[in-house]
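Visitor: Sharing entry.csv here; it has CSV, C-alpha atoms and all ligand atoms.
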```csv
chain,number,residue,atom,x,y,z
E,1,MET,CA,-5.8,-51.5,43.5
E,2,SER,CA,-2.6,-53.5,43.0
E,3,PHE,CA,-2.8,-54.3,39.3
E,4,GLY,CA,0.4,-53.8,37.4
E,5,LYS,CA,0.6,-53.0,33.7
E,6,LYS,CA,1.3,-56.6,32.9
E,7,ASN,CA,-1.8,-57.8,34.7
E,8,THR,CA,-4.2,-55.2,33.3
E,9,LYS,CA,-3.2,-55.8,29.7
E,10,ASN,CA,-5.2,-59.0,29.4
E,11,LEU,CA,-8.0,-58.0,31.5
E,12,LEU,CA,-9.4,-55.0,29.7
E,13,ILE,CA,-11.3,-54.7,26.5
E,14,ASP,CA,-13.7,-52.0,25.3
E,15,MET,CA,-17.2,-53.0,26.3
E,16,LYS,CA,-20.4,-51.6,27.5
E,17,ILE,CA,-21.4,-53.3,30.7
E,18,ILE,CA,-24.3,-53.3,33.2
E,19,LEU,CA,-23.1,-53.9,36.7
E,20,THR,CA,-25.6,-54.2,39.6
E,21,GLY,CA,-24.6,-53.7,43.2
E,22,ALA,CA,-22.2,-51.0,42.0
E,23,ALA,CA,-22.2,-49.2,45.4
E,24,GLY,CA,-21.5,-52.5,47.2
E,25,PHE,CA,-18.1,-53.7,48.3
E,26,ILE,CA,-17.3,-56.0,45.3
E,27,GLY,CA,-19.3,-54.0,42.8
E,28,PHE,CA,-17.4,-50.8,43.7
E,29,HIS,CA,-13.9,-52.4,43.2
E,30,THR,CA,-15.0,-54.2,40.0
E,31,THR,CA,-16.5,-51.1,38.5
E,32,LYS,CA,-13.5,-49.0,39.3
E,33,PHE,CA,-11.3,-51.4,37.5
E,34,LEU,CA,-13.5,-52.0,34.5
E,35,CYS,CA,-14.1,-48.3,34.0
E,36,ARG,CA,-10.4,-48.0,33.0
E,37,LYS,CA,-11.3,-49.2,29.5
E,38,ASN,CA,-15.0,-50.0,29.4
E,39,ILE,CA,-18.3,-48.1,29.9
E,40,VAL,CA,-20.1,-49.3,33.0
E,41,VAL,CA,-23.7,-48.5,33.8
E,42,GLY,CA,-24.0,-49.2,37.5
E,43,ILE,CA,-27.2,-50.0,39.3
E,44,ASP,CA,-27.9,-50.0,43.0
E,45,ASN,CA,-30.8,-49.3,45.3
E,46,LEU,CA,-28.6,-48.1,48.1
E,47,ASN,CA,-30.6,-50.0,50.7
E,48,ASN,CA,-29.9,-49.6,54.4
E,49,TYR,CA,-28.8,-53.2,55.2
E,50,TYR,CA,-25.6,-51.5,56.4
E,51,ASP,CA,-24.3,-48.0,56.6
E,52,VAL,CA,-25.6,-46.1,53.6
E,53,LYS,CA,-22.9,-43.5,54.0
E,54,LEU,CA,-20.3,-46.1,53.1
E,55,LYS,CA,-22.2,-47.0,49.9
E,56,LYS,CA,-22.6,-43.3,49.0
E,57,ASN,CA,-18.9,-42.7,49.6
E,58,ARG,CA,-18.0,-45.5,47.3
E,59,LEU,CA,-20.4,-44.1,44.7
E,60,LYS,CA,-18.9,-40.7,45.0
E,61,LYS,CA,-15.5,-42.1,44.0
E,62,LEU,CA,-17.1,-44.0,41.1
E,63,LYS,CA,-18.9,-40.8,39.9
E,64,GLU,CA,-15.4,-39.2,39.3
E,65,LEU,CA,-14.8,-41.8,36.6
E,66,LYS,CA,-15.6,-40.6,33.1
E,67,ASN,CA,-16.8,-44.0,31.9
E,68,PHE,CA,-19.3,-44.5,34.7
E,69,LYS,CA,-23.0,-43.9,34.7
E,70,PHE,CA,-25.3,-44.6,37.6
E,71,ILE,CA,-29.0,-45.6,37.9
E,72,GLN,CA,-30.5,-45.7,41.4
E,73,SER,CA,-32.9,-48.6,41.1
E,74,ASP,CA,-34.0,-51.9,42.6
E,75,ILE,CA,-33.0,-54.7,40.3
E,76,GLN,CA,-36.5,-56.1,40.7
E,77,ASP,CA,-38.0,-53.0,39.2
E,78,LEU,CA,-39.8,-53.9,36.0
E,79,LYS,CA,-39.3,-50.4,34.6
E,80,LEU,CA,-35.5,-50.9,34.7
E,81,LYS,CA,-35.7,-52.7,31.3
E,82,LYS,CA,-37.1,-49.6,29.7
E,83,LYS,CA,-34.4,-47.4,31.1
E,84,LEU,CA,-31.7,-49.8,30.0
E,85,ASN,CA,-33.3,-50.3,26.6
E,86,TYR,CA,-32.9,-46.6,25.9
E,87,LEU,CA,-29.2,-46.8,26.7
E,88,ASN,CA,-28.9,-50.0,24.7
E,89,GLU,CA,-30.2,-48.3,21.6
E,90,GLN,CA,-27.3,-45.8,21.7
E,91,LYS,CA,-24.6,-48.5,22.0
E,92,LYS,CA,-25.3,-52.1,22.7
E,93,PHE,CA,-24.5,-53.7,26.0
E,94,ASN,CA,-22.1,-56.6,25.8
E,95,CYS,CA,-22.5,-58.0,29.3
E,96,ILE,CA,-24.4,-57.9,32.6
E,97,ILE,CA,-22.6,-58.5,35.9
E,98,ASN,CA,-25.3,-59.1,38.5
E,99,LEU,CA,-23.7,-58.6,41.9
E,100,ALA,CA,-26.6,-56.9,43.7
E,101,ALA,CA,-28.1,-59.1,46.3
E,102,GLN,CA,-29.2,-59.3,49.9
E,103,ALA,CA,-25.9,-60.7,51.4
E,104,GLY,CA,-25.2,-62.1,54.8
E,105,VAL,CA,-26.0,-65.5,56.2
E,106,ARG,CA,-27.3,-64.4,59.7
E,107,HIS,CA,-29.6,-61.6,58.5
E,108,SER,CA,-31.6,-64.2,56.5
E,109,PHE,CA,-33.1,-65.4,59.8
E,110,LYS,CA,-34.4,-61.9,60.5
E,111,ASP,CA,-35.6,-60.8,57.1
E,112,PRO,CA,-36.1,-63.9,54.8
E,113,TYR,CA,-38.3,-62.0,52.3
E,114,SER,CA,-35.5,-59.6,51.4
E,115,TYR,CA,-33.5,-62.6,50.2
E,116,ILE,CA,-36.2,-64.0,48.0
E,117,ASN,CA,-36.9,-60.5,46.6
E,118,SER,CA,-33.4,-59.3,45.8
E,119,ASN,CA,-31.7,-62.6,45.1
E,120,ILE,CA,-34.3,-64.6,43.3
E,121,LEU,CA,-36.7,-62.0,41.8
E,122,GLY,CA,-33.8,-59.6,41.2
E,123,GLN,CA,-31.8,-62.2,39.3
E,124,LEU,CA,-34.9,-63.2,37.3
E,125,ASN,CA,-35.5,-59.6,36.3
E,126,MET,CA,-31.9,-59.1,35.2
E,127,LEU,CA,-32.1,-62.3,33.2
E,128,GLU,CA,-35.3,-61.1,31.6
E,129,ILE,CA,-33.4,-57.8,30.7
E,130,ALA,CA,-30.6,-59.9,29.2
E,131,LYS,CA,-33.1,-61.8,27.2
E,132,SER,CA,-35.1,-58.9,25.8
E,133,LEU,CA,-32.1,-56.6,25.2
E,134,LYS,CA,-30.2,-59.6,23.6
E,135,ILE,CA,-27.2,-59.2,25.9
E,136,LYS,CA,-25.3,-62.4,25.4
E,137,ARG,CA,-23.1,-62.6,28.5
E,138,PHE,CA,-24.6,-62.9,32.0
E,139,ILE,CA,-22.2,-63.1,34.9
E,140,TYR,CA,-23.6,-63.4,38.4
E,141,ALA,CA,-22.5,-63.7,42.1
E,142,SER,CA,-23.1,-67.0,43.8
E,143,SER,CA,-21.4,-68.0,47.1
E,144,SER,CA,-19.3,-70.6,48.9
E,145,SER,CA,-22.3,-70.9,51.3
E,146,VAL,CA,-24.0,-73.2,48.7
E,147,TYR,CA,-21.6,-76.0,49.8
E,148,GLY,CA,-23.5,-76.0,53.2
E,149,GLY,CA,-22.3,-78.8,55.4
E,150,ASN,CA,-20.4,-80.7,52.6
E,151,LYS,CA,-17.7,-82.7,54.3
E,152,GLN,CA,-15.4,-83.2,51.3
E,153,LEU,CA,-12.7,-80.5,51.1
E,154,PRO,CA,-11.7,-78.6,49.2
E,155,PHE,CA,-15.1,-77.6,47.8
E,156,SER,CA,-15.3,-78.4,44.2
E,157,VAL,CA,-17.8,-77.2,41.6
E,158,LYS,CA,-18.3,-80.9,40.8
E,159,GLN,CA,-19.8,-81.6,44.2
E,160,ARG,CA,-23.6,-81.7,44.7
E,161,VAL,CA,-24.9,-78.6,46.5
E,162,ASP,CA,-28.4,-79.4,47.6
E,163,GLN,CA,-28.2,-79.2,51.3
E,164,PRO,CA,-28.0,-75.5,52.2
E,165,VAL,CA,-27.9,-74.5,55.9
E,166,SER,CA,-29.2,-71.0,55.4
E,167,LEU,CA,-31.9,-69.3,53.3
E,168,TYR,CA,-29.1,-67.1,51.9
E,169,ALA,CA,-27.4,-70.2,50.5
E,170,ALA,CA,-30.7,-71.6,49.2
E,171,THR,CA,-31.3,-68.4,47.3
E,172,LYS,CA,-27.8,-68.5,45.8
E,173,LYS,CA,-28.3,-72.1,44.7
E,174,SER,CA,-31.7,-71.2,43.2
E,175,THR,CA,-30.1,-68.4,41.1
E,176,GLU,CA,-27.7,-71.0,39.7
E,177,LEU,CA,-30.6,-73.2,38.7
E,178,ILE,CA,-32.6,-70.3,37.2
E,179,SER,CA,-29.5,-69.2,35.2
E,180,GLU,CA,-29.0,-72.7,33.9
E,181,CYS,CA,-32.5,-72.7,32.6
E,182,TYR,CA,-32.3,-69.2,31.0
E,183,ALA,CA,-29.0,-70.0,29.4
E,184,LYS,CA,-30.4,-73.1,27.7
E,185,LEU,CA,-33.8,-71.6,26.8
E,186,TYR,CA,-32.8,-68.2,25.7
E,187,ASP,CA,-29.3,-68.5,24.3
E,188,ILE,CA,-27.6,-66.5,27.0
E,189,ASN,CA,-24.0,-67.4,28.0
E,190,ALA,CA,-24.1,-67.4,31.8
E,191,ILE,CA,-21.2,-67.6,34.3
E,192,GLY,CA,-21.8,-68.1,38.0
E,193,LEU,CA,-19.0,-67.1,40.4
E,194,ARG,CA,-19.0,-68.6,43.9
E,195,PHE,CA,-17.1,-66.1,46.0
E,196,PHE,CA,-15.3,-67.2,49.2
E,197,THR,CA,-15.2,-64.7,52.1
E,198,VAL,CA,-14.0,-61.6,50.3
E,199,TYR,CA,-12.2,-58.9,52.3
E,200,GLY,CA,-10.3,-55.7,51.7
E,201,PRO,CA,-10.5,-51.9,51.7
E,202,TRP,CA,-14.1,-50.5,51.6
E,203,GLY,CA,-15.2,-53.9,52.9
E,204,ARG,CA,-18.6,-54.8,54.4
E,205,PRO,CA,-19.4,-53.7,58.0
E,206,ASP,CA,-21.2,-57.0,58.6
E,207,MET,CA,-18.2,-59.2,57.9
E,208,ALA,CA,-15.6,-60.6,60.2
E,209,THR,CA,-12.6,-58.5,59.1
E,210,TYR,CA,-14.5,-55.2,59.6
E,211,ILE,CA,-16.2,-56.3,62.9
E,212,PHE,CA,-13.0,-57.6,64.5
E,213,THR,CA,-11.0,-54.6,63.5
E,214,LYS,CA,-13.6,-52.2,64.8
E,215,LYS,CA,-14.2,-53.9,68.1
E,216,ILE,CA,-10.5,-54.5,68.8
E,217,LEU,CA,-9.8,-50.8,68.2
E,218,GLU,CA,-12.7,-49.8,70.4
E,219,LYS,CA,-11.3,-52.3,73.1
E,220,LYS,CA,-14.6,-54.2,73.0
E,221,LYS,CA,-14.9,-58.0,73.4
E,222,ILE,CA,-15.0,-59.9,70.1
E,223,ASP,CA,-17.5,-62.8,69.7
E,224,ILE,CA,-15.9,-66.0,68.3
E,225,TYR,CA,-18.2,-68.7,67.2
E,226,ASN,CA,-17.8,-72.5,67.4
E,227,HIS,CA,-15.2,-71.7,70.1
E,228,GLY,CA,-12.8,-70.6,67.4
E,229,ARG,CA,-12.8,-73.9,65.6
E,230,MET,CA,-13.6,-72.5,62.2
E,231,LYS,CA,-11.6,-72.3,59.0
E,232,ARG,CA,-12.2,-69.9,56.1
E,233,ASP,CA,-10.8,-69.4,52.6
E,234,PHE,CA,-10.3,-65.7,52.8
E,235,THR,CA,-10.0,-64.0,49.4
E,236,TYR,CA,-8.6,-60.6,48.8
E,237,ILE,CA,-10.8,-58.2,46.8
E,238,ASP,CA,-8.2,-57.6,44.0
E,239,ASP,CA,-8.0,-61.3,43.4
E,240,ILE,CA,-11.8,-61.4,43.1
E,241,VAL,CA,-11.9,-58.5,40.7
E,242,LYS,CA,-9.4,-60.3,38.5
E,243,GLY,CA,-11.6,-63.4,38.6
E,244,ILE,CA,-14.7,-61.3,37.6
E,245,CYS,CA,-12.7,-59.7,34.7
E,246,GLY,CA,-11.5,-63.2,33.7
E,247,ALA,CA,-15.2,-64.1,33.3
E,248,VAL,CA,-15.8,-60.9,31.3
E,249,ASN,CA,-12.9,-61.8,28.9
E,250,PHE,CA,-13.3,-65.6,28.8
E,251,LYS,CA,-13.7,-66.7,25.2
E,252,ILE,CA,-16.8,-68.8,25.1
E,253,GLU,CA,-16.8,-71.2,22.1
E,254,LYS,CA,-20.2,-72.8,22.6
E,255,LYS,CA,-23.8,-71.4,22.6
E,256,LYS,CA,-26.1,-71.7,25.5
E,257,PHE,CA,-23.1,-71.9,27.8
E,258,HIS,CA,-23.5,-72.0,31.6
E,259,LYS,CA,-20.7,-72.8,34.0
E,260,ILE,CA,-20.1,-72.2,37.7
E,261,TYR,CA,-16.6,-71.4,39.1
E,262,ASN,CA,-15.2,-71.0,42.6
E,263,LEU,CA,-13.4,-67.8,43.3
E,264,GLY,CA,-11.4,-68.5,46.5
E,265,ASN,CA,-7.8,-68.1,47.6
E,266,ASN,CA,-7.4,-71.9,47.6
E,267,LYS,CA,-6.1,-71.8,51.2
E,268,SER,CA,-8.2,-72.5,54.3
E,269,GLU,CA,-7.0,-70.4,57.2
E,270,LYS,CA,-7.8,-71.1,60.9
E,271,LEU,CA,-10.1,-68.4,62.3
E,272,MET,CA,-7.7,-67.9,65.3
E,273,ASP,CA,-4.8,-67.3,63.0
E,274,PHE,CA,-6.8,-64.7,61.1
E,275,ILE,CA,-7.7,-62.9,64.3
E,276,GLU,CA,-4.0,-63.1,65.4
E,277,THR,CA,-3.0,-61.4,62.1
E,278,ILE,CA,-5.5,-58.6,62.7
E,279,GLU,CA,-4.2,-58.2,66.3
E,280,ASN,CA,-0.6,-58.2,65.2
E,281,ASN,CA,-1.3,-55.5,62.7
E,282,LEU,CA,-3.2,-53.4,65.2
E,283,GLY,CA,-0.7,-54.0,68.0
E,284,ILE,CA,-3.6,-54.9,70.3
E,285,ILE,CA,-4.5,-58.3,71.9
E,286,SER,CA,-8.3,-58.7,71.8
E,287,ASP,CA,-10.6,-59.7,74.6
E,288,LYS,CA,-12.4,-62.8,73.4
E,289,ASN,CA,-15.9,-64.2,74.0
E,290,PHE,CA,-16.0,-67.8,72.9
E,291,LEU,CA,-19.5,-69.0,71.8
E,292,PRO,CA,-21.1,-72.1,70.2
E,293,LEU,CA,-21.7,-72.5,66.4
E,294,GLN,CA,-24.5,-70.3,65.1
E,295,PRO,CA,-27.3,-71.7,63.0
E,296,GLY,CA,-26.5,-71.1,59.3
E,297,ASP,CA,-22.7,-71.1,59.8
E,298,VAL,CA,-20.4,-73.4,58.0
E,299,LYS,CA,-17.4,-74.7,60.0
E,300,GLU,CA,-14.9,-74.7,57.1
E,301,THR,CA,-14.6,-73.4,53.6
E,302,TYR,CA,-11.8,-74.2,51.1
E,303,ALA,CA,-12.0,-73.6,47.4
E,304,GLU,CA,-10.8,-75.9,44.7
E,305,ILE,CA,-10.0,-73.6,41.7
E,306,SER,CA,-8.5,-75.6,38.9
E,307,GLU,CA,-11.3,-74.8,36.4
E,308,SER,CA,-11.2,-71.1,37.4
E,309,ARG,CA,-7.4,-71.1,36.8
E,310,LYS,CA,-7.8,-72.7,33.4
E,311,ASP,CA,-10.9,-70.8,32.0
E,312,LEU,CA,-10.7,-67.5,33.8
E,313,ASN,CA,-7.0,-67.1,34.2
E,314,PHE,CA,-7.7,-66.8,37.9
E,315,HIS,CA,-4.5,-67.0,40.0
E,316,PRO,CA,-5.1,-65.5,43.4
E,317,ASN,CA,-1.9,-64.5,45.1
E,318,ILE,CA,-2.7,-62.3,48.1
E,319,SER,CA,-2.4,-64.0,51.4
E,320,ILE,CA,-4.0,-62.7,54.7
E,321,LYS,CA,-0.5,-61.6,55.8
E,322,ASP,CA,-0.5,-59.1,52.8
E,323,GLY,CA,-4.2,-58.4,52.6
E,324,ILE,CA,-5.1,-57.6,56.3
E,325,PRO,CA,-2.6,-54.7,56.6
E,326,LYS,CA,-4.2,-53.2,53.4
E,327,PHE,CA,-7.7,-53.4,55.0
E,328,ILE,CA,-6.5,-51.9,58.3
E,329,LYS,CA,-4.7,-49.1,56.5
E,330,TRP,CA,-7.9,-48.2,54.7
E,331,TYR,CA,-10.0,-48.5,57.8
E,332,LYS,CA,-7.8,-46.1,59.8
E,333,GLU,CA,-7.7,-43.6,57.0
E,334,TYR,CA,-11.4,-43.8,56.2
E,335,TYR,CA,-12.4,-43.3,59.8
E,336,LYS,CA,-9.6,-40.8,60.4
E,337,LEU,CA,-8.1,-42.8,63.4
E,401,LIG,N1,-18.4,-60.4,50.2
E,401,LIG,C1,-18.4,-61.7,50.2
E,401,LIG,O1,-17.6,-62.3,50.9
E,401,LIG,C2,-19.3,-62.5,49.4
E,401,LIG,C3,-19.2,-63.9,49.4
E,401,LIG,C4,-20.0,-64.7,48.6
E,401,LIG,C5,-21.0,-64.1,47.8
E,401,LIG,N2,-21.0,-62.7,47.8
E,401,LIG,C6,-22.0,-62.1,46.8
E,401,LIG,O2,-21.4,-61.1,46.1
E,401,LIG,C7,-22.3,-60.1,45.7
E,401,LIG,C8,-21.7,-58.7,46.2
E,401,LIG,O3,-21.4,-58.8,47.6
E,401,LIG,P1,-20.8,-57.6,48.4
E,401,LIG,O4,-20.0,-58.2,49.5
E,401,LIG,O5,-20.3,-56.6,47.5
E,401,LIG,O6,-22.2,-57.1,49.1
E,401,LIG,P2,-22.7,-55.6,49.3
E,401,LIG,O7,-23.9,-55.7,50.2
E,401,LIG,O8,-21.6,-54.7,49.7
E,401,LIG,O9,-23.2,-55.2,47.8
E,401,LIG,C9,-24.4,-55.5,47.3
E,401,LIG,C10,-25.0,-54.2,46.8
E,401,LIG,O10,-26.2,-54.5,46.1
E,401,LIG,C11,-27.2,-53.5,46.5
E,401,LIG,N3,-28.5,-54.2,46.4
E,401,LIG,C12,-29.0,-55.2,47.2
E,401,LIG,N4,-30.2,-55.5,46.8
E,401,LIG,C13,-30.5,-54.8,45.8
E,401,LIG,C14,-31.6,-54.7,44.9
E,401,LIG,N5,-32.7,-55.5,45.1
E,401,LIG,N6,-31.6,-53.8,43.9
E,401,LIG,C15,-30.5,-53.1,43.7
E,401,LIG,N7,-29.4,-53.1,44.4
E,401,LIG,C16,-29.4,-53.9,45.5
E,401,LIG,C17,-26.8,-53.1,47.9
E,401,LIG,O11,-27.3,-51.8,48.1
E,401,LIG,C18,-25.3,-53.2,47.8
E,401,LIG,O12,-24.7,-51.9,47.5
E,401,LIG,C19,-23.6,-60.5,46.4
E,401,LIG,O13,-24.4,-61.1,45.4
E,401,LIG,C20,-23.2,-61.4,47.5
E,401,LIG,O14,-24.2,-62.3,47.8
E,401,LIG,C21,-20.2,-61.9,48.5
```
The structure given in the file should be rewritten as structure tokens.
Guide:
Amino acid sequence: MSFGKKNTKNLLIDMKIILTGAAGFIGFHTTKFLCRKNIVVGIDNLNNYYDVKLKKNRLKKLKELKNFKFIQSDIQDLKLKKKLNYLNEQKKFNCIINLAAQAGVRHSFKDPYSYINSNILGQLNMLEIAKSLKIKRFIYASSSSVYGGNKQLPFSVKQRVDQPVSLYAATKKSTELISECYAKLYDINAIGLRFFTVYGPWGRPDMATYIFTKKILEKKKIDIYNHGRMKRDFTYIDDIVKGICGAVNFKIEKKKFHKIYNLGNNKSEKLMDFIETIENNLGIISDKNFLPLQPGDVKETYAEISESRKDLNFHPNISIKDGIPKFIKWYKEYYKL
């Protein structure tokens, strides 16, 4: 994690935090960072959507940290409240960061119920926990996919987002609405973070960076959708962690606060340039299979982040030129290549 002393100074305060999805990609990095000065109770059901060994290996690293406690549980589980209440009585929780979700756009065509369960019922249960344990700050993961086919770029939080092109996006938009309602009704300060294509070490095996790297190294053809005419705002994991910590530390003046922020790199990269960067770092030119656009896919993403800069002190500064080599280094070490 590339946080210097100067950066960390403003990001850390002693808190007791519930973080869901702790064995996941973003949850792992966020927990690791927050545990430097805060107590984190991590929750994850370790489901098998992708390689469980990768989740367990992340968890193994987290369990080495003295400020980390782990509860293996589904976030929908109604008994979770009781377990957390017990821990809350010892020292009150200051904040919930709900990152657990069924991620991935394409998988939502195969298993729609898992999205409604984890993303909507899961978020509802975590909000109910915040309500009954009187935890005042609720930070949750939304996604750039809520912008669907919006034509106006960059994507701004001021735009309407009511035309999702996948069920995944629809569930993320729903969590934003449910959070708005809970913030107003139950006096919870909620912050929604729309992440834009996050990549980096310990990344997800179902995402482009991982898939391309793996296939190129195995000398297999890579599938490129919309014939390569795609653009993405790729955001390096350390920048995302800083954004989440910005939301933890943000001084909220009002009551019943709910605001949504984009966490993206504020730079839209051509997919073909992204692939070329991976190829250059691996020293291998890939064999390419150009295909049409897939249902659910968005052609271009690009985050407008002025509000995130202002409120969350979010200043992403890691380009794909710097971030891709870090991912590849991790990949080769992790898989002992
Ligand atoms: N990675 C990205 O580019 C990206 C982009 C936009 C939004 N997001 C959102 O950010 C969050 C974290 O994403 P990630 O990339 O770390 O994904 P991930 O799949 O690596 O992490 C999610 C974790 O949550 C756990 N989980 C899933 N459903 C659960 C449930 N019902 N109960 C308990 N645990 C459960 C999983 O086991 C997993 O470890 C998700 O909400 C995702 O939708 C991610």
Visitor: Within 7 Å of ligand LIG 401 (chain E), counting only C-alpha atoms and all ligand atoms: which residues, as a PyMOL selection string?
Guide: chain E and resi 20-27+43-47+55+73-76+99-103+117-118+122+141-144+194-199+204
Visitor: Separation of CA of Val52 (chain E) and CA of Asp206 (chain E), in Å?
Guide: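 Going from CA of Val52 (chain E) over to CA of Asp206 (chain E), I get 12.8 Å.
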Visitor: Would you mind telling me which residue in E:Leu87, E:Ile191, E:Ile216, E:Leu312 lies nearest to Ile260 (chain E) when using all atoms listed in the file?
Guide: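 Going through E:Leu87, E:Ile191, E:Ile216, E:Leu312 one by one, the smallest distance to Ile260 (chain E) is for E:Ile191.
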Visitor: Using only C-alpha atoms, can you list as a ChimeraX atom specification the residues within 12 Å of (-33.2, -59.7, 33.7)?
Guide: /E:18,20,74-82,84-85,95-98,119-140,175,178-179,182-183,186,188
Visitor: Could you save the residues just selected, with C-alpha atoms, as a PDB file, keeping the file's coordinate frame?
Guide:
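The new file part.pdb reads:
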```pdb
ATOM      1  CA  ILE E  18     -24.300 -53.300  33.200  1.00  0.00           C
ATOM      2  CA  THR E  20     -25.600 -54.200  39.600  1.00  0.00           C
ATOM      3  CA  ASP E  74     -34.000 -51.900  42.600  1.00  0.00           C
ATOM      4  CA  ILE E  75     -33.000 -54.700  40.300  1.00  0.00           C
ATOM      5  CA  GLN E  76     -36.500 -56.100  40.700  1.00  0.00           C
ATOM      6  CA  ASP E  77     -38.000 -53.000  39.200  1.00  0.00           C
ATOM      7  CA  LEU E  78     -39.800 -53.900  36.000  1.00  0.00           C
ATOM      8  CA  LYS E  79     -39.300 -50.400  34.600  1.00  0.00           C
ATOM      9  CA  LEU E  80     -35.500 -50.900  34.700  1.00  0.00           C
ATOM     10  CA  LYS E  81     -35.700 -52.700  31.300  1.00  0.00           C
ATOM     11  CA  LYS E  82     -37.100 -49.600  29.700  1.00  0.00           C
ATOM     12  CA  LEU E  84     -31.700 -49.800  30.000  1.00  0.00           C
ATOM     13  CA  ASN E  85     -33.300 -50.300  26.600  1.00  0.00           C
ATOM     14  CA  CYS E  95     -22.500 -58.000  29.300  1.00  0.00           C
ATOM     15  CA  ILE E  96     -24.400 -57.900  32.600  1.00  0.00           C
ATOM     16  CA  ILE E  97     -22.600 -58.500  35.900  1.00  0.00           C
ATOM     17  CA  ASN E  98     -25.300 -59.100  38.500  1.00  0.00           C
ATOM     18  CA  ASN E 119     -31.700 -62.600  45.100  1.00  0.00           C
ATOM     19  CA  ILE E 120     -34.300 -64.600  43.300  1.00  0.00           C
ATOM     20  CA  LEU E 121     -36.700 -62.000  41.800  1.00  0.00           C
ATOM     21  CA  GLY E 122     -33.800 -59.600  41.200  1.00  0.00           C
ATOM     22  CA  GLN E 123     -31.800 -62.200  39.300  1.00  0.00           C
ATOM     23  CA  LEU E 124     -34.900 -63.200  37.300  1.00  0.00           C
ATOM     24  CA  ASN E 125     -35.500 -59.600  36.300  1.00  0.00           C
ATOM     25  CA  MET E 126     -31.900 -59.100  35.200  1.00  0.00           C
ATOM     26  CA  LEU E 127     -32.100 -62.300  33.200  1.00  0.00           C
ATOM     27  CA  GLU E 128     -35.300 -61.100  31.600  1.00  0.00           C
ATOM     28  CA  ILE E 129     -33.400 -57.800  30.700  1.00  0.00           C
ATOM     29  CA  ALA E 130     -30.600 -59.900  29.200  1.00  0.00           C
ATOM     30  CA  LYS E 131     -33.100 -61.800  27.200  1.00  0.00           C
ATOM     31  CA  SER E 132     -35.100 -58.900  25.800  1.00  0.00           C
ATOM     32  CA  LEU E 133     -32.100 -56.600  25.200  1.00  0.00           C
ATOM     33  CA  LYS E 134     -30.200 -59.600  23.600  1.00  0.00           C
ATOM     34  CA  ILE E 135     -27.200 -59.200  25.900  1.00  0.00           C
ATOM     35  CA  LYS E 136     -25.300 -62.400  25.400  1.00  0.00           C
ATOM     36  CA  ARG E 137     -23.100 -62.600  28.500  1.00  0.00           C
ATOM     37  CA  PHE E 138     -24.600 -62.900  32.000  1.00  0.00           C
ATOM     38  CA  ILE E 139     -22.200 -63.100  34.900  1.00  0.00           C
ATOM     39  CA  TYR E 140     -23.600 -63.400  38.400  1.00  0.00           C
ATOM     40  CA  THR E 175     -30.100 -68.400  41.100  1.00  0.00           C
ATOM     41  CA  ILE E 178     -32.600 -70.300  37.200  1.00  0.00           C
ATOM     42  CA  SER E 179     -29.500 -69.200  35.200  1.00  0.00           C
ATOM     43  CA  TYR E 182     -32.300 -69.200  31.000  1.00  0.00           C
ATOM     44  CA  ALA E 183     -29.000 -70.000  29.400  1.00  0.00           C
ATOM     45  CA  TYR E 186     -32.800 -68.200  25.700  1.00  0.00           C
ATOM     46  CA  ILE E 188     -27.600 -66.500  27.000  1.00  0.00           C
TER      47      ILE E 188
END
```
Visitor: Please, what distance in Å, to one decimal, runs between CA of Gly243 (chain E) and CA of Tyr168 (chain E)?
Guide: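 These two atoms are separated by 22.3 Å.
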Visitor: Point out the residue among E:Asn266, E:Asn189, E:Lys16, E:Met272 with the least atom-to-atom distance to Glu253 (chain E), counting only C-alpha atoms.
Guide: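 Result for the nearest residue to Glu253 (chain E): E:Asn189.
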Visitor: Given the point (-13.5, -78.8, 47.9) in the coordinates of this file, which residues lie within 9 Å, counting all atoms listed in the file, and how would they look as a list in words?
Guide: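 Protein, DNA and RNA residues close to (-13.5, -78.8, 47.9): Tyr147, Asn150, Lys151, Gln152, Leu153, Pro154, Phe155, Ser156, Val157, Lys158, Gln159, Thr301, Tyr302, Ala303, Glu304 and Ile305 of chain E.
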Visitor: Rounded to one decimal, what separation in Å do you get between CA of Tyr115 (chain E) and CA of Lys173 (chain E)?
Guide: 12.1 Å
Visitor: Restricting the calculation to only C-alpha atoms, which member of E:Glu276, E:Glu269, E:Asp223, E:Asp311 is positioned closest to Cys245 (chain E)?
Guide: E:Asp311
Visitor: Of the candidates E:Ala190, E:Ala247, E:Lys37, E:Val298, which shows the shortest atom-to-atom distance to Val146 (chain E), using only C-alpha atoms?
Guide: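 With only C-alpha atoms as the atom set, the closest residue is E:Val298.
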Visitor: For Phe250 (chain E), which residue among E:Gly283, E:Gln163, E:Ser308, E:Ile211 is the nearest when counting all atoms listed in the file?
Guide: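 Once distances to Phe250 (chain E) are computed over all atoms listed in the file, the minimum belongs to E:Ser308.
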Visitor: Neighbours of Lys184 (chain E) within 6 Å (all atoms listed in the file; same-chain residues fewer than 3 positions away dropped), as a PyMOL selection string?
Guide: chain E and resi 181+187+256
Visitor: Include C-alpha atoms and write out the residues we just selected as a PDB file, keeping the file's coordinate frame.
Guide:
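Contents of selection.pdb, freshly written:
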```pdb
ATOM      1  CA  CYS E 181     -32.500 -72.700  32.600  1.00  0.00           C
ATOM      2  CA  ASP E 187     -29.300 -68.500  24.300  1.00  0.00           C
ATOM      3  CA  LYS E 256     -26.100 -71.700  25.500  1.00  0.00           C
TER       4      LYS E 256
END
```
Visitor: Using all atoms listed in the file, determine which residues lie at most 6 Å from region 65-70 of chain E, disregarding the query and same-chain residues fewer than 6 positions distant; provide the list as an MDAnalysis selection string.
Guide: chainID E and resid 35 39:43
